[in-house]
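What follows is a set of notes on a single structure, which appears directly below.
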Amino acid sequence: MSNHRVANTQVAVSAALMRGGTSKGLYFVAEDLPTDVATRDKFLLAAMGSPDVREIDGVGGAHPLTSKVAVVSKSDRDGIDVDYLFLQVWPDRPEVSDQQNCGNILAGVGPFAIERGLVAAADGVTPVSIYMVNTESKATAFIETPGGKVNYAGEARIDGVPGTHAPININFEDVAGSSCGALLPTGNVVDEVNGVQVTCVDNGMPVVCLNASDFGITGYETPAELEANAELKARVEEIRLAVGPLMNLGDVTNKTVPKMSLLAPARDGGLLSTRTFIPHRVHESIGVLGAVSVATACMLEGSVAAQIAGLDAVGSSLEVEVEHPTGFFTVQMEVDNSCGSPVVTKSALLRTARMLMSGSIYVLESAWENNA
């Protein structure tokens, strides 16, 4: 492993700090981390500075969206370049979770893999096929590599990130039901839970779609306003706990899924508006795979999402613009309804990423003990 002890009783471990989409986190080559999960997690908590709401003694950003980890390794799977394990490091408690995927951090996996020599760069565009370990599914990211080097500069813009950057197009393959076992884990397009109509969908991320108006809100509130609404949070959490078993997720009390997306009619030119609990904080935008699942729900006739979007007749393909608190997210969807049950044939989107720092992350020896 490429860690080394230093004179001031700290251990240095090779890592990169990257922005992936609208998230940020540490990226590691798997062989540079402890193989023992408990020791690995202890190290990652120390690296991020958790548990501490400011994460002041680490590089975490004091928010779940900026306290994330990607573990990348060269893959021995047929047709796959690299394996990607996503880990959520919680700022407010000593917990590292592998219970979900992250499509934003995924955006940085291709560039990181090329920078670290795990994937050979072509001259032009390099496709990187990625096996997402958390959900046992595949995505292909297309990385600009003029002259065989990763390009980060460009004209692509995504809401929630200032400026423009090189585009990273990502195609998701076979992600439907990757966490819950089925695109519609309850077997229904609409269920009634605690007196509220819900649509439960899993196209890469388990999401529960709800009508914001059923909770006495507009659905256009800021994340801070929603987080300050104790009654709303309690009702949303009660429904989340109730749908967990229905979605084949079991007891979700201590799980990060499903995400709860409160929907409202679009007001900025999109198809619908979202406010998403992830599951207890409210996302400043929306997660990549969360947006994919919401967009998928729009393709299901009679779903909560389709009703709010005003889609009386759902076609086989649609460019879904999902509004969120800081802009919108566009997902290209194709669904085959010819066999009765919907089959997703395409979920594609645009992200950007940027390497912010590369070098070593330092932790005290006590956070790396027994792994010298």
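Chain lettering (A, B, ...) mirrors the order of the structure tokens, residue numbering begins at 1 for each chain separately, and ligand numbering begins at 1 in order of display.
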Hey, what's within 7 Å of range 304-309 of chain A if we count only C-alpha atoms and toss same-chain stuff fewer than 2 positions away? As an NGL selection string, please? :A and (190 or 198-199 or 209-211 or 264-265 or 271-272 or 297-302 or 311)
Could you give me, as a compact mmCIF listing (two decimals) with N, CA, C and O atoms, in the first residue's frame, each residue of range 82-182 of chain A that DSSP assigns to strand (DSSP E) when run on this structure's backbone?
# COMPACT_ATOMS: atom_id res chain seq x y z
N VAL A 82 -13.27 -0.54 -14.57
CA VAL A 82 -12.99 -0.34 -13.14
C VAL A 82 -14.23 -0.66 -12.31
O VAL A 82 -15.37 -0.53 -12.77
N ASP A 83 -13.98 -1.06 -11.07
CA ASP A 83 -15.03 -1.21 -10.08
C ASP A 83 -15.05 0.03 -9.21
O ASP A 83 -13.99 0.58 -8.86
N TYR A 84 -16.25 0.47 -8.83
CA TYR A 84 -16.42 1.69 -8.04
C TYR A 84 -17.33 1.41 -6.85
O TYR A 84 -18.47 1.01 -7.02
N LEU A 85 -16.77 1.59 -5.67
CA LEU A 85 -17.54 1.47 -4.43
C LEU A 85 -17.74 2.86 -3.86
O LEU A 85 -16.75 3.58 -3.64
N PHE A 86 -18.99 3.24 -3.61
CA PHE A 86 -19.29 4.53 -3.00
C PHE A 86 -19.51 4.36 -1.50
O PHE A 86 -20.21 3.43 -1.06
N LEU A 87 -18.92 5.26 -0.73
CA LEU A 87 -19.09 5.26 0.72
C LEU A 87 -19.50 6.65 1.19
O LEU A 87 -18.86 7.65 0.84
N GLN A 88 -20.59 6.70 1.95
CA GLN A 88 -21.06 7.96 2.55
C GLN A 88 -20.50 8.07 3.96
O GLN A 88 -20.75 7.21 4.80
N VAL A 89 -19.74 9.11 4.21
CA VAL A 89 -19.24 9.39 5.56
C VAL A 89 -20.14 10.47 6.16
O VAL A 89 -20.23 11.57 5.62
N VAL A 96 -19.98 5.09 8.43
CA VAL A 96 -19.65 5.03 7.01
C VAL A 96 -20.61 4.04 6.38
O VAL A 96 -20.69 2.89 6.80
N SER A 97 -21.36 4.48 5.38
CA SER A 97 -22.42 3.65 4.81
C SER A 97 -22.13 3.30 3.36
O SER A 97 -21.70 4.14 2.57
N GLY A 124 -8.72 11.74 -27.79
CA GLY A 124 -10.04 12.22 -28.18
C GLY A 124 -11.01 12.06 -27.05
O GLY A 124 -11.08 12.89 -26.15
N VAL A 125 -11.75 10.95 -27.07
CA VAL A 125 -12.70 10.64 -26.00
C VAL A 125 -12.44 9.21 -25.54
O VAL A 125 -12.31 8.30 -26.36
N THR A 126 -12.37 9.03 -24.22
CA THR A 126 -12.13 7.70 -23.67
C THR A 126 -13.37 7.21 -22.94
O THR A 126 -13.78 7.80 -21.93
N PRO A 127 -14.00 6.14 -23.44
CA PRO A 127 -15.13 5.56 -22.68
C PRO A 127 -14.59 4.73 -21.52
O PRO A 127 -13.65 3.95 -21.69
N VAL A 128 -15.15 4.92 -20.35
CA VAL A 128 -14.75 4.16 -19.17
C VAL A 128 -15.97 3.40 -18.67
O VAL A 128 -16.96 4.00 -18.24
N SER A 129 -15.91 2.07 -18.76
CA SER A 129 -17.01 1.24 -18.28
C SER A 129 -16.80 0.97 -16.80
O SER A 129 -15.72 0.54 -16.38
N ILE A 130 -17.84 1.24 -16.01
CA ILE A 130 -17.72 1.25 -14.56
C ILE A 130 -18.75 0.30 -13.95
O ILE A 130 -19.95 0.41 -14.24
N TYR A 131 -18.26 -0.61 -13.11
CA TYR A 131 -19.16 -1.49 -12.36
C TYR A 131 -19.40 -0.83 -11.01
O TYR A 131 -18.47 -0.59 -10.24
N MET A 132 -20.68 -0.50 -10.73
CA MET A 132 -21.05 0.17 -9.49
C MET A 132 -21.34 -0.90 -8.45
O MET A 132 -22.38 -1.56 -8.47
N SER A 137 -24.41 -2.83 -10.76
CA SER A 137 -24.88 -2.40 -12.08
C SER A 137 -23.77 -1.65 -12.80
O SER A 137 -22.71 -1.37 -12.23
N LYS A 138 -24.01 -1.33 -14.06
CA LYS A 138 -22.96 -0.79 -14.92
C LYS A 138 -23.33 0.58 -15.47
O LYS A 138 -24.50 0.86 -15.74
N ALA A 139 -22.32 1.41 -15.62
CA ALA A 139 -22.47 2.69 -16.30
C ALA A 139 -21.24 2.91 -17.17
O ALA A 139 -20.16 2.38 -16.89
N THR A 140 -21.41 3.67 -18.24
CA THR A 140 -20.27 4.04 -19.08
C THR A 140 -20.16 5.55 -19.12
O THR A 140 -21.13 6.25 -19.45
N ALA A 141 -18.99 6.06 -18.73
CA ALA A 141 -18.74 7.50 -18.75
C ALA A 141 -17.80 7.81 -19.91
O ALA A 141 -16.83 7.08 -20.15
N PHE A 142 -18.09 8.90 -20.61
CA PHE A 142 -17.28 9.29 -21.77
C PHE A 142 -16.47 10.53 -21.39
O PHE A 142 -17.03 11.61 -21.17
N ILE A 143 -15.13 10.36 -21.32
CA ILE A 143 -14.23 11.38 -20.80
C ILE A 143 -13.43 11.99 -21.95
O ILE A 143 -12.81 11.26 -22.74
N GLU A 144 -13.40 13.31 -22.03
CA GLU A 144 -12.59 13.98 -23.05
C GLU A 144 -11.11 13.84 -22.69
O GLU A 144 -10.69 14.22 -21.59
N THR A 145 -10.33 13.27 -23.63
CA THR A 145 -8.90 13.05 -23.39
C THR A 145 -8.08 13.45 -24.62
O THR A 145 -7.42 12.61 -25.24
N ILE A 168 -19.14 15.37 -19.26
CA ILE A 168 -19.00 13.94 -19.02
C ILE A 168 -20.37 13.33 -19.21
O ILE A 168 -21.27 13.54 -18.40
N ASN A 169 -20.54 12.64 -20.32
CA ASN A 169 -21.82 11.97 -20.59
C ASN A 169 -21.79 10.58 -19.97
O ASN A 169 -20.82 9.85 -20.12
N ILE A 170 -22.87 10.25 -19.27
CA ILE A 170 -22.95 8.98 -18.57
C ILE A 170 -24.19 8.23 -19.02
O ILE A 170 -25.31 8.76 -18.95
N ASN A 171 -23.99 7.00 -19.46
CA ASN A 171 -25.10 6.11 -19.79
C ASN A 171 -25.19 5.04 -18.71
O ASN A 171 -24.21 4.34 -18.44
N PHE A 172 -26.37 4.92 -18.11
CA PHE A 172 -26.59 3.89 -17.10
C PHE A 172 -27.18 2.66 -17.78
O PHE A 172 -28.08 2.78 -18.62
N GLU A 173 -26.70 1.50 -17.40
CA GLU A 173 -27.15 0.26 -18.02
C GLU A 173 -27.61 -0.73 -16.95
O GLU A 173 -26.88 -0.98 -15.98
Can you measure CA of Asp214 in chain A to CA of Gln197 in chain A for me? One decimal in Å is fine.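 Spanning CA of Asp214 in chain A to CA of Gln197 in chain A is a straight-line distance of 8.6 Å.
Between Gly154 in chain A and the candidates A:Ser178, A:Thr253, A:Ser358, A:Thr352, the tightest atom-to-atom separation, counting only C-alpha atoms, involves A:Thr352.
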Out of range 218-355 of chain A, which residues get helix (DSSP H, G or I) from DSSP, as a VMD selection string? chain A and resid 223 to 227 230 to 246 288 to 298 304 to 309
How many Å lie between CA of Leu65 in chain A and CA of Ser23 in chain A, rounded to one decimal?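 Taking CA of Leu65 in chain A and CA of Ser23 in chain A, their separation equals 5.1 Å.
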So that I can check the surroundings of Asn248 in chain A, please list as a count of residues only every protein, DNA and RNA residue that reaches within 8 Å of it, counting only C-alpha atoms and ignoring chain neighbours fewer than 3 positions away. 6
Selection: 7 Å around Leu364 in chain A, only C-alpha atoms, excl. self and same-chain fewer than 6 positions, as a PDB file with C-alpha atoms, in the first residue's frame:
ATOM      1  CA  THR A   9       3.085  10.458  14.230  1.00  0.00           C
ATOM      2  CA  GLN A  10       0.794  10.687  11.230  1.00  0.00           C
ATOM      3  CA  VAL A  11       0.198   8.342   8.309  1.00  0.00           C
TER       4      VAL A  11
END
Write out as a PyMOL selection string the residues lying within 12 Å of Asp52 in chain A, counting only C-alpha atoms and excluding same-chain residues fewer than 4 positions away. chain A and resi 45-48+56-64+67+89-95
Atom pair CA of Pro167 in chain A / CA of Leu350 in chain A: separation (Å):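 Separation between CA of Pro167 in chain A and CA of Leu350 in chain A: 6.6 Å.
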Within 12 Å of Val72 in chain A, counting only C-alpha atoms, which residues qualify if same-chain residues fewer than 6 places away don't, as a ChimeraX atom specification? /A:15-16,26-33,81-87,105-106,108-119,130-133
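Between Thr66 in chain A and the residues A:Asp98, A:Val257, A:Gly25, A:Gly290, the shortest atom-to-atom distance, using only C-alpha atoms, involves A:Gly25.
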Residues near Ala242 in chain A, anyone? I mean within 10 Å using only C-alpha atoms, not counting same-chain ones fewer than 2 positions away, as a VMD selection string. chain A and resid 193 to 194 236 to 240 244 to 247 250 to 253
